>>> print(open('final-v5.txt').read())   # compact mmCIF, C-alpha atoms
# COMPACT_ATOMS: atom_id res chain seq x y z
CA MET A 21 155.45 107.91 141.82
CA LEU A 22 154.60 109.41 145.19
CA TRP A 23 151.25 110.45 146.61
CA LYS A 24 151.12 112.36 149.88
CA ILE A 25 148.54 113.44 152.43
CA GLY A 26 148.87 115.58 155.52
CA CYS A 27 151.65 115.96 153.74
CA LYS A 28 149.34 113.90 151.31
CA SER A 29 150.69 110.82 149.49
CA TRP A 30 150.83 107.37 147.87
CA CYS A 31 152.54 103.96 149.04
CA SER A 32 152.44 99.97 149.76
CA HIS A 33 152.05 96.94 151.97
CA TRP A 34 154.98 98.08 154.07
CA SER A 35 155.08 100.94 156.50
CA CYS A 36 157.80 102.74 158.38
CA SER A 37 157.27 105.06 161.34
CA THR A 38 159.23 107.54 163.39
CA ILE A 39 159.38 105.46 166.56
CA GLY A 40 162.87 104.22 165.97
CA ARG A 41 162.19 102.54 162.63
CA TRP A 42 159.37 100.09 161.92
CA ILE A 43 158.91 97.89 158.88
CA TYR A 44 155.70 95.88 159.07
CA THR A 45 152.93 94.61 156.88
CA LEU A 46 149.84 96.79 157.05
CA HIS A 47 147.85 93.89 158.50
CA ARG A 48 150.25 93.42 161.39
CA LEU A 49 150.95 97.10 162.01
CA LEU A 50 147.31 98.17 162.19
CA LYS A 51 145.69 94.85 163.16
CA LEU A 52 143.72 94.72 159.92
CA PRO A 53 141.68 91.62 159.05
CA VAL A 54 143.06 89.16 156.51
CA GLN A 55 140.95 88.13 153.52
CA LYS A 56 139.10 84.83 153.91
CA ASP A 57 138.91 82.76 150.72
CA GLY A 58 139.55 85.92 148.70
CA VAL A 59 136.72 87.88 150.35
CA ILE A 60 137.50 91.19 152.06
CA ILE A 61 135.85 91.07 155.47
CA SER A 62 134.78 93.85 157.85
CA MET A 63 137.20 95.30 160.40
CA PRO A 64 136.31 95.11 164.10
CA LEU A 65 137.11 98.06 166.37
CA LEU A 66 139.83 97.72 169.00
CA THR A 67 138.70 97.85 172.64
CA GLY A 68 139.92 97.80 176.22
CA ASN A 69 143.55 97.35 177.22
CA PHE A 70 144.53 96.38 173.70
CA LEU A 71 143.24 99.70 172.33
CA ARG A 72 145.01 101.64 175.08
CA GLY A 73 148.26 99.81 174.33
CA MET A 74 147.99 100.50 170.60
CA ARG A 75 147.32 104.19 171.25
CA GLN A 76 150.42 104.37 173.40
CA VAL A 77 152.52 102.77 170.65
CA TRP A 78 151.20 105.24 168.06
CA ARG A 79 151.31 108.29 170.34
CA ASN A 80 154.44 109.86 168.77
CA VAL A 81 154.08 108.50 165.25
CA GLU A 82 153.87 111.26 162.62
CA PHE A 83 154.56 109.49 159.31
CA LEU A 84 153.30 106.33 157.62
CA PHE A 85 154.96 105.13 154.40
CA ILE A 86 153.16 102.59 152.23
CA ASP A 87 154.87 100.92 149.25
CA GLU A 88 153.53 98.98 146.21
CA ILE A 89 150.30 100.99 146.35
CA SER A 90 148.90 99.48 143.14
CA MET A 91 148.27 96.22 145.02
CA VAL A 92 146.43 97.89 147.91
CA PRO A 93 142.63 97.82 147.40
CA TYR A 94 140.50 100.85 148.20
CA GLU A 95 138.80 98.78 150.89
CA MET A 96 142.14 98.50 152.72
CA LEU A 97 142.80 102.23 152.34
CA TYR A 98 139.44 102.76 154.06
CA MET A 99 140.45 100.38 156.88
CA ILE A 100 143.75 102.24 157.35
CA ASP A 101 141.89 105.54 157.65
CA SER A 102 139.40 104.06 160.13
CA ARG A 103 142.06 102.46 162.29
CA LEU A 104 144.25 105.59 162.43
CA ARG A 105 141.22 107.72 163.34
CA GLN A 106 140.59 105.33 166.25
CA LEU A 107 144.23 105.43 167.35
CA LYS A 108 145.01 109.12 166.82
CA SER A 109 142.47 111.82 165.91
CA PRO A 110 138.88 110.76 165.05
CA ASN A 111 137.97 113.88 163.09
CA THR A 112 140.87 114.07 160.60
CA PHE A 113 141.78 111.88 157.64
CA PHE A 114 144.15 109.07 158.63
CA GLY A 115 144.14 110.35 162.20
CA GLY A 116 146.15 113.42 161.22
CA ILE A 117 149.23 111.35 160.32
CA ASN A 118 151.35 112.24 157.28
CA VAL A 119 150.75 109.37 154.84
CA LEU A 120 153.03 108.81 151.86
CA LEU A 121 152.13 106.24 149.21
CA PHE A 122 154.79 104.93 146.84
CA GLY A 123 154.47 102.82 143.73
CA ASP A 124 153.29 102.68 140.16
CA LEU A 125 149.59 102.36 139.37
CA MET A 126 150.54 100.82 136.02
CA GLN A 127 151.81 97.74 137.84
CA LEU A 128 149.55 94.92 139.01
CA PRO A 129 146.20 95.79 140.61
CA PRO A 130 144.84 94.12 143.78
CA VAL A 131 143.92 90.46 143.43
CA ARG A 132 140.63 91.21 145.23
CA GLY A 133 138.73 94.43 145.85
CA HIS A 134 138.68 97.73 143.99
CA GLN A 135 141.77 99.52 142.73
CA VAL A 136 143.04 102.00 145.28
CA PHE A 137 141.73 104.98 143.30
CA GLN A 138 138.26 103.47 142.68
CA GLN A 139 135.79 104.19 145.48
CA PRO A 140 133.16 101.40 145.59
CA GLU A 141 129.57 102.48 144.96
CA HIS A 142 128.45 101.33 148.41
CA MET A 143 130.98 103.74 150.00
CA LYS A 144 129.59 106.79 148.20
CA PRO A 145 128.78 109.64 148.86
CA ALA A 146 131.42 109.51 151.61
CA THR A 147 134.58 111.47 150.85
CA CYS A 148 136.86 109.62 148.43
CA LEU A 149 140.03 108.99 150.42
CA TRP A 150 142.19 108.67 147.33
CA ARG A 151 141.26 112.18 146.19
CA GLN A 152 142.77 113.57 149.41
CA PHE A 153 146.23 112.72 148.14
CA GLN A 154 148.46 114.90 145.98
CA LEU A 155 150.72 113.48 143.29
CA VAL A 156 154.47 114.00 143.30
CA GLU A 157 155.87 112.35 140.17
CA LEU A 158 159.34 110.82 140.48
CA LYS A 159 160.92 110.73 137.03
CA GLN A 160 164.34 109.14 137.54
CA ASN A 161 164.44 105.36 137.00
CA MET A 162 166.66 103.82 139.69
CA CYS A 163 166.09 100.09 139.02
CA GLN A 164 167.39 100.16 135.41
CA GLN A 165 169.69 103.12 136.00
CA GLY A 166 172.15 103.61 133.13
CA ASP A 167 170.37 101.39 130.57
CA THR A 168 168.58 104.06 128.57
CA THR A 169 167.42 101.65 125.85
CA PHE A 170 165.78 99.35 128.39
CA ILE A 171 164.15 102.32 130.14
CA GLU A 172 162.74 103.54 126.81
CA VAL A 173 161.26 100.09 126.05
CA LEU A 174 159.74 99.80 129.53
CA ASN A 175 158.25 103.30 129.42
CA ALA A 176 156.63 102.54 126.07
CA LEU A 177 155.29 99.16 127.19
CA ARG A 178 153.96 100.71 130.39
CA VAL A 179 151.56 103.01 128.57
CA LYS A 180 150.81 100.93 125.42
CA GLU A 181 153.06 102.94 123.11
CA LEU A 182 155.40 100.24 121.83
CA LYS A 183 156.74 100.94 118.34
CA SER A 184 158.42 98.68 115.79
CA LYS A 185 161.88 99.62 117.07
CA HIS A 186 160.93 98.52 120.60
CA LEU A 187 159.49 95.21 119.41
CA GLU A 188 162.64 94.53 117.40
CA ILE A 189 164.71 94.95 120.56
CA LEU A 190 162.47 92.48 122.42
CA LEU A 191 162.48 90.00 119.53
CA GLY A 192 166.26 90.05 119.73
CA LYS A 193 166.00 88.82 123.32
CA VAL A 194 163.94 85.72 122.48
CA SER A 195 166.02 82.61 123.06
CA THR A 196 165.46 78.92 123.83
CA HIS A 197 169.11 78.32 124.71
CA ALA A 198 169.54 78.23 128.49
CA THR A 199 173.28 78.47 129.02
CA ASN A 200 175.71 80.13 131.43
CA VAL A 201 173.96 82.71 133.64
CA PHE A 202 170.64 81.89 131.96
CA SER A 203 170.80 78.12 132.59
CA ILE A 204 167.73 76.53 134.17
CA GLU A 205 169.24 76.28 137.65
CA ARG A 206 170.66 79.83 137.73
CA ALA A 207 168.50 82.54 136.17
CA LEU A 208 165.04 83.09 137.62
CA ARG A 209 162.09 82.29 135.34
CA ILE A 210 159.12 84.65 135.60
CA TYR A 211 155.75 83.27 134.46
CA PRO A 212 152.15 84.55 134.56
CA THR A 213 150.64 81.30 135.94
CA ASN A 214 151.30 78.97 138.85
CA ASP A 215 151.24 75.82 136.71
CA GLN A 216 154.08 77.16 134.52
CA VAL A 217 156.07 77.87 137.69
CA ALA A 218 155.43 74.36 139.04
CA ARG A 219 156.48 72.73 135.76
CA HIS A 220 159.76 74.64 135.64
CA ASN A 221 160.59 73.86 139.27
CA GLU A 222 159.94 70.16 138.59
CA LYS A 223 162.20 70.39 135.52
CA VAL A 224 165.02 71.80 137.63
CA LEU A 225 164.50 69.12 140.29
CA LEU A 226 164.81 66.44 137.60
CA TYR A 227 167.99 68.13 136.37
CA PHE A 228 169.56 67.82 139.83
CA GLU A 229 168.28 64.26 140.28
CA ASN A 230 169.96 63.24 137.04
CA LYS A 231 173.18 64.78 138.34
CA GLY A 232 172.98 62.44 141.35
CA THR A 233 172.07 65.12 143.90
CA THR A 234 170.57 63.77 147.13
CA ILE A 235 167.09 65.28 147.42
CA TYR A 236 164.99 65.02 150.56
CA THR A 237 161.20 64.96 150.58
CA ILE A 238 159.46 66.26 153.70
CA LYS A 239 155.75 66.20 154.47
CA ALA A 240 153.80 68.74 156.47
CA GLN A 241 152.30 67.79 159.83
CA ASP A 242 148.55 68.49 159.70
CA GLN A 243 145.94 68.21 162.43
CA LEU A 244 142.47 69.41 163.36
CA ILE A 245 142.75 71.49 166.51
CA ASP A 246 139.21 72.80 166.76
CA ALA A 247 137.00 70.26 165.03
CA THR A 248 133.32 71.13 164.75
CA ARG A 249 132.41 67.52 163.99
CA ASN A 250 133.96 64.06 163.97
CA LEU A 251 135.93 62.96 160.93
CA SER A 252 134.54 59.43 161.31
CA ASN A 253 135.96 57.42 158.42
CA LYS A 254 137.14 60.48 156.53
CA ASP A 255 140.85 60.89 155.83
CA LEU A 256 142.36 64.06 157.33
CA ASP A 257 143.79 65.02 153.94
CA SER A 258 140.27 65.23 152.50
CA VAL A 259 139.43 68.26 154.69
CA ILE A 260 142.75 70.09 154.25
CA PRO A 261 142.70 72.69 151.42
CA ASP A 262 144.83 71.83 148.39
CA ASP A 263 145.49 75.49 147.59
CA ILE A 264 148.69 76.65 149.32
CA ASN A 265 147.18 80.14 149.61
CA LYS A 266 144.51 78.64 151.90
CA THR A 267 147.04 76.90 154.15
CA GLY A 268 148.91 80.03 155.20
CA GLY A 269 151.44 79.61 152.37
CA LEU A 270 152.77 76.34 153.79
CA PRO A 271 153.11 73.50 151.24
CA LYS A 272 151.93 69.93 151.82
CA ILE A 273 155.14 68.43 150.43
CA LEU A 274 158.54 70.07 149.96
CA LYS A 275 161.68 68.73 148.28
CA ILE A 276 164.94 70.27 149.47
CA PHE A 277 168.68 69.81 149.13
CA VAL A 278 171.83 71.81 149.73
CA GLY A 279 171.99 74.25 146.82
CA ALA A 280 168.22 74.40 146.23
CA LYS A 281 166.73 77.82 145.62
CA GLY A 282 163.82 78.66 147.90
CA MET A 283 161.38 81.47 148.57
CA LEU A 284 159.95 82.37 151.97
CA ARG A 285 156.15 82.10 152.13
CA SER A 286 155.75 83.84 155.47
CA ASN A 287 157.11 86.92 157.26
CA ILE A 288 159.72 85.63 159.71
CA ASP A 289 161.67 88.73 160.76
CA LEU A 290 160.95 91.91 158.80
CA ALA A 291 163.84 93.84 160.37
CA LYS A 292 166.28 91.24 158.97
CA GLY A 293 164.63 91.14 155.56
CA LEU A 294 163.13 87.68 156.18
CA VAL A 295 159.84 88.48 154.48
CA ASN A 296 157.35 86.67 152.31
CA GLY A 297 158.88 86.54 148.81
CA ASN A 298 162.56 86.79 149.78
CA MET A 299 164.67 84.22 147.92
CA GLY A 300 167.94 82.46 148.68
CA PHE A 301 169.90 79.21 148.46
CA ILE A 302 169.92 76.42 151.05
CA THR A 303 173.45 76.07 152.41
CA TYR A 304 172.94 73.57 155.23
CA ILE A 305 170.24 71.25 156.59
CA THR A 306 169.95 70.85 160.36
CA TRP A 307 168.63 67.44 161.38
CA PRO A 308 166.68 67.10 164.66
CA HIS A 309 167.79 64.97 167.61
CA PHE A 310 171.44 64.95 166.43
CA GLN A 311 170.56 62.85 163.37
CA ARG A 312 172.98 62.89 160.45
CA ASP A 313 170.43 62.15 157.75
CA GLN A 314 166.70 61.86 157.09
CA VAL A 315 164.93 59.11 159.03
CA TYR A 316 161.24 59.93 158.52
CA ASP A 317 159.70 62.21 155.89
CA THR A 318 157.37 63.68 158.52
CA VAL A 319 160.29 64.88 160.64
CA ILE A 320 160.68 68.52 159.63
CA ARG A 321 164.16 69.91 159.92
CA SER A 322 165.51 73.48 159.87
CA VAL A 323 167.59 74.90 157.04
CA HIS A 324 170.22 77.60 156.68
CA ILE A 325 169.52 79.88 153.72
CA ASP A 326 171.83 82.41 152.10
CA PHE A 327 169.67 85.44 151.24
CA GLY A 328 172.55 87.35 149.62
CA SER A 329 172.77 90.89 150.96
CA ASP A 330 170.34 89.95 153.79
CA GLY A 331 172.81 87.35 155.07
CA ILE A 332 172.59 83.65 156.01
CA HIS A 333 169.75 82.79 158.39
CA LEU A 334 168.34 79.70 160.09
CA ILE A 335 164.76 79.06 158.97
CA LYS A 336 162.75 76.85 161.30
CA PRO A 337 159.38 75.13 160.82
CA ILE A 338 156.34 77.20 161.80
CA SER A 339 152.72 76.36 162.56
CA ILE A 340 149.80 78.15 160.93
CA GLN A 341 146.07 77.69 161.51
CA PHE A 342 143.44 77.96 158.77
CA PRO A 343 139.83 76.87 158.12
CA ALA A 344 139.38 73.22 157.20
CA LYS A 345 137.18 72.32 154.24
CA TYR A 346 133.50 71.38 154.51
CA SER A 347 133.11 73.28 157.84
CA TYR A 348 135.19 70.80 159.81
CA GLY A 349 136.60 73.56 162.02
CA THR A 350 140.19 74.80 162.30
CA ALA A 351 143.19 72.94 160.95
CA GLU A 352 146.86 73.49 161.75
CA ARG A 353 149.88 72.79 159.57
CA ARG A 354 153.50 72.64 160.74
CA MET A 355 156.05 73.00 157.94
CA LEU A 356 159.02 75.00 156.69
CA PRO A 357 157.68 78.35 155.36
CA LEU A 358 159.41 77.68 152.07
CA ILE A 359 158.75 76.78 148.43
CA LEU A 360 161.15 76.07 145.57
CA SER A 361 161.78 79.18 143.49
CA TRP A 362 163.83 78.65 140.36
CA ALA A 363 160.67 80.16 138.89
CA SER A 364 158.09 82.57 140.25
CA THR A 365 154.86 84.23 139.17
CA VAL A 366 154.78 87.85 138.10
CA HIS A 367 152.56 88.68 141.10
CA LYS A 368 155.09 87.35 143.60
CA MET A 369 157.93 89.22 141.89
CA GLN A 370 156.38 92.71 142.00
CA GLY A 371 158.71 94.87 144.05
CA CYS A 372 161.77 92.67 143.36
CA THR A 373 164.66 93.27 140.96
CA VAL A 374 167.17 90.64 139.77
CA ASP A 375 170.37 90.64 137.72
CA HIS A 376 169.33 87.82 135.38
CA ALA A 377 165.86 86.58 134.44
CA VAL A 378 164.14 84.59 131.71
CA VAL A 379 160.73 86.18 131.18
CA PHE A 380 157.61 84.70 129.59
CA LEU A 381 155.79 87.25 127.41
CA GLY A 382 153.64 84.81 125.46
CA SER A 383 150.07 83.71 124.96
CA ARG A 384 149.34 82.98 128.62
CA LEU A 385 149.65 86.57 129.80
CA PHE A 386 146.19 87.40 131.13
CA ALA A 387 146.27 90.62 133.18
CA ALA A 388 146.85 94.29 132.39
CA GLY A 389 150.33 95.37 133.41
CA GLN A 390 151.61 91.79 133.66
CA ALA A 391 154.11 92.06 130.79
CA TYR A 392 155.41 95.40 132.07
CA VAL A 393 155.94 94.11 135.61
CA ALA A 394 157.59 90.88 134.40
CA LEU A 395 160.04 92.61 132.07
CA SER A 396 160.92 95.38 134.53
CA ARG A 397 162.13 92.86 137.13
CA GLY A 398 165.48 92.86 135.31
CA ARG A 399 168.10 95.53 135.95
CA SER A 400 169.31 95.65 132.35
CA LEU A 401 168.57 94.35 128.86
CA ASP A 402 171.77 92.28 129.04
CA GLY A 403 170.26 90.46 132.02
CA ILE A 404 167.03 89.57 130.19
CA ARG A 405 166.08 86.65 127.97
CA ILE A 406 162.53 86.07 126.70
CA GLU A 407 161.21 82.50 126.62
CA GLU A 408 158.18 83.22 124.44
CA LEU A 409 157.01 86.49 122.90
CA ASP A 410 153.53 87.25 121.59
CA CYS A 411 153.67 90.83 120.29
CA SER A 412 149.85 91.04 120.24
CA LYS A 413 149.88 90.69 124.04
CA LEU A 414 152.07 93.79 124.28
CA THR A 415 150.20 95.93 121.78
CA GLY A 416 146.64 94.57 121.83
CA ARG A 417 143.57 95.21 123.90
CA VAL A 418 144.88 94.94 127.48
CA PRO A 419 148.68 95.42 127.60
CA CYS A 420 148.23 98.16 130.19
CA ASN A 421 145.68 99.26 132.77
CA GLY A 422 143.71 102.02 131.03
CA GLU A 423 141.86 103.08 134.18
CA ALA A 424 145.15 103.47 136.05
CA LEU A 425 146.64 105.46 133.20
CA ASP A 426 143.66 107.83 133.26
CA GLU A 427 144.10 108.25 137.01
CA ILE A 428 147.79 109.13 136.60
CA ILE A 429 146.94 111.73 133.94
CA ARG A 430 144.09 113.28 135.99
CA PRO A 431 146.21 115.10 138.64
CA ARG A 432 148.61 116.25 135.93
CA ASP A 433 145.73 117.94 134.16
CA ILE A 434 144.55 119.54 137.41
CA SER A 435 147.97 121.02 138.14
>>> encode(input="final-v5.txt", output="structure tokens")
Amino acid sequence: MLWKIGCKSWCSHWSCSTIGRWIYTLHRLLKLPVQKDGVIISMPLLTGNFLRGMRQVWRNVEFLFIDEISMVPYEMLYMIDSRLRQLKSPNTFFGGINVLLFGDLMQLPPVRGHQVFQQPEHMKPATCLWRQFQLVELKQNMCQQGDTTFIEVLNALRVKELKSKHLEILLGKVSTHATNVFSIERALRIYPTNDQVARHNEKVLLYFENKGTTIYTIKAQDQLIDATRNLSNKDLDSVIPDDINKTGGLPKILKIFVGAKGMLRSNIDLAKGLVNGNMGFITYITWPHFQRDQVYDTVIRSVHIDFGSDGIHLIKPISIQFPAKYSYGTAERRMLPLILSWASTVHKMQGCTVDHAVVFLGSRLFAAGQAYVALSRGRSLDGIRIEELDCSKLTGRVPCNGEALDEIIRPRDIS
């Protein structure tokens, strides 16, 4: 689907402009604030030389494209409008720029904040920004192009219209035999929860260990760089968040080996496709100081990763700062921006398409649209196996986002 303004339109976390060609996250492109502990914070205005520099950069920009719009909260849409008014024209929506939004509202909603079409009560009676967009419905499926049966199943699942014939097709894909292209080390597993992902990745690690593969364990380098009080007898680890999402995506411990499948957890070089969520296989490990093997587990090496069509690239350790626990100030972690990825959550896979996947459609599905997004990551029915299937999760109370479906129907009725 496409929404447009100015033009008038609908899009995602990526944007592309007419100065040459830009591909950035919205946060980086427009200097938007990042959520803190899941809370959307207020956006400060730009000032001084920085504001003048940003205005110069945006001077000739006429179009902004945003993809995966379902995951953009209304609060961020408001920030985009405010920032563009400051950079371009203060009296016109989005600074007078043509904004095009791409995506499918029936996919996953924002983790925090209101859905992009739901104006929060505290922002009323201001003009609803979403209502300034016009819908252009794109009806040709490109991801599953040619597989009409798969497209029919996905379209039915998307809007809670699965029939017996569709469920029979899915039941025929249920299998516990992981062989050939669907073996545990080859086909991606897609799960709704992080603990399922962790268990599968550990299972694959054990598989390689039993094969005699040399596996290296590396530990992150953590430090307090802006301590607000003395640690005294406290261990540094006790004030470092355990949640990887609160440490800038950098893990505490990482196991790697040549042949391991990894996923980037940070944007390294967007122009080269080295973005958060991109997956590939480690082809070579570069040891520091001309070493030929691991000496200390706290010595963090670089790795070469084959990202398929995006090429082979050297990934180096990075440093990221984040708040320490218990108000101990700012901590910093240095680590490879990488996690193992023989399995991934549905949320991390939105926007990706793979040739072969084993999908979990069982009892642990918990969010509207989750089954639809998980299943539609495959390019064809032949490339899909289902690990567990609970038909009630696909036909019951919340298989799809009813509010999003109503919003898609609304502009159709108007036209």
>>> atom_distance(input="final-v5.txt", atom1="atom CA of Leu84 of chain A", atom2="atom CA of Asn118 of chain A")
6.2 Å
>>> closest_atom_pairs(input="final-v5.txt", of="segment 134-186 of chain A", to="segment 363-373 of chain A", cutoff="12 Å", atoms="all atoms listed in the file", output="Markdown table")
| residue | atom | partner | partner_atom | distance |
| --- | --- | --- | --- | --- |
| A:Met162 | CA | A:Thr373 | CA | 10.8 |
| A:Cys163 | CA | A:Thr373 | CA | 7.2 |
| A:Gln164 | CA | A:Thr373 | CA | 9.3 |
>>> residues_near_point(input="final-v5.txt", point="(157.8, 82.9, 121.2)", cutoff="10 Å", atoms="only C-alpha atoms", output="PyMOL selection string")
chain A and resi 191+194-196+380-383+406-411
>>> closest_residue(input="final-v5.txt", among="A:Lys266, A:Arg384, A:Lys108, A:Arg285", to="Pro212 of chain A", atoms="all atoms listed in the file")
A:Arg384
>>> residues_around(input="final-v5.txt", residues="segment 333-337 of chain A", least_positions_apart="4", cutoff="7 Å", atoms="only C-alpha atoms", output="PDB file with C-alpha atoms, keeping the file's coordinate frame")
ATOM      1  CA  ILE A 320     160.680  68.520 159.630  1.00  0.00           C
ATOM      2  CA  SER A 322     165.510  73.480 159.870  1.00  0.00           C
ATOM      3  CA  VAL A 323     167.590  74.900 157.040  1.00  0.00           C
ATOM      4  CA  HIS A 324     170.220  77.600 156.680  1.00  0.00           C
ATOM      5  CA  ILE A 325     169.520  79.880 153.720  1.00  0.00           C
ATOM      6  CA  ASP A 326     171.830  82.410 152.100  1.00  0.00           C
ATOM      7  CA  ARG A 354     153.500  72.640 160.740  1.00  0.00           C
ATOM      8  CA  MET A 355     156.050  73.000 157.940  1.00  0.00           C
ATOM      9  CA  LEU A 356     159.020  75.000 156.690  1.00  0.00           C
ATOM     10  CA  PRO A 357     157.680  78.350 155.360  1.00  0.00           C
TER      11      PRO A 357
END
>>> residues_around(input="final-v5.txt", residues="Asn161 of chain A", least_positions_apart="2", cutoff="12 Å", atoms="all atoms listed in the file", output="JSON, numbers by chain")
{"A": [21, 124, 157, 158, 159, 163, 164, 165, 166, 167, 168, 170, 171, 172, 174, 175, 396, 399, 400]}
>>> residues_around(input="final-v5.txt", residues="Gly331 of chain A", least_positions_apart="3", cutoff="10 Å", atoms="all atoms listed in the file", output="list in words")
Lys292, Gly293, Leu294, Gly300, Ile325, Asp326, Phe327 and Gly328 of chain A
>>> closest_residue(input="final-v5.txt", among="A:Val201, A:Val224, A:Leu358, A:Leu190", to="Ile238 of chain A", atoms="only C-alpha atoms")
A:Leu358
>>> atom_distance(input="final-v5.txt", atom1="atom CA of Leu52 of chain A", atom2="atom CA of Met99 of chain A")
7.2 Å
>>> build_atoms(input="final-v5.txt", residues="segment 286-300 of chain A", atoms="N, CA and C atoms", output="mmCIF file, in the frame of the given file")
data_model
loop_
_atom_site.group_PDB
_atom_site.id
_atom_site.type_symbol
_atom_site.label_atom_id
_atom_site.label_comp_id
_atom_site.auth_asym_id
_atom_site.auth_seq_id
_atom_site.Cartn_x
_atom_site.Cartn_y
_atom_site.Cartn_z
ATOM 1 N N SER A 286 156.292 83.222 154.263
ATOM 2 C CA SER A 286 155.750 83.840 155.470
ATOM 3 C C SER A 286 156.738 84.909 155.939
ATOM 4 N N ASN A 287 156.246 85.897 156.675
ATOM 5 C CA ASN A 287 157.110 86.920 157.260
ATOM 6 C C ASN A 287 157.712 86.368 158.549
ATOM 7 N N ILE A 288 159.026 86.195 158.559
ATOM 8 C CA ILE A 288 159.720 85.630 159.710
ATOM 9 C C ILE A 288 160.286 86.714 160.611
ATOM 10 N N ASP A 289 161.063 87.617 160.020
ATOM 11 C CA ASP A 289 161.670 88.730 160.760
ATOM 12 C C ASP A 289 161.864 89.882 159.779
ATOM 13 N N LEU A 290 160.929 90.842 159.789
ATOM 14 C CA LEU A 290 160.950 91.910 158.800
ATOM 15 C C LEU A 290 162.187 92.793 158.937
ATOM 16 N N ALA A 291 162.666 92.985 160.159
ATOM 17 C CA ALA A 291 163.840 93.840 160.370
ATOM 18 C C ALA A 291 165.083 93.247 159.715
ATOM 19 N N LYS A 292 165.137 91.919 159.587
ATOM 20 C CA LYS A 292 166.280 91.240 158.970
ATOM 21 C C LYS A 292 166.063 90.961 157.488
ATOM 22 N N GLY A 293 164.923 91.385 156.963
ATOM 23 C CA GLY A 293 164.630 91.140 155.560
ATOM 24 C C GLY A 293 164.046 89.776 155.285
ATOM 25 N N LEU A 294 163.684 89.034 156.339
ATOM 26 C CA LEU A 294 163.130 87.680 156.180
ATOM 27 C C LEU A 294 161.619 87.792 155.991
ATOM 28 N N VAL A 295 161.243 88.187 154.769
ATOM 29 C CA VAL A 295 159.840 88.480 154.480
ATOM 30 C C VAL A 295 159.327 87.561 153.382
ATOM 31 N N ASN A 296 158.016 87.436 153.340
ATOM 32 C CA ASN A 296 157.350 86.670 152.310
ATOM 33 C C ASN A 296 157.823 87.129 150.926
ATOM 34 N N GLY A 297 158.394 86.209 150.143
ATOM 35 C CA GLY A 297 158.880 86.540 148.810
ATOM 36 C C GLY A 297 160.388 86.640 148.695
ATOM 37 N N ASN A 298 161.097 86.717 149.839
ATOM 38 C CA ASN A 298 162.560 86.790 149.780
ATOM 39 C C ASN A 298 163.116 85.432 149.350
ATOM 40 N N MET A 299 164.132 85.461 148.473
ATOM 41 C CA MET A 299 164.670 84.220 147.920
ATOM 42 C C MET A 299 166.135 84.044 148.285
ATOM 43 N N GLY A 300 166.549 82.779 148.385
ATOM 44 C CA GLY A 300 167.940 82.460 148.680
ATOM 45 C C GLY A 300 168.227 81.000 148.420
#
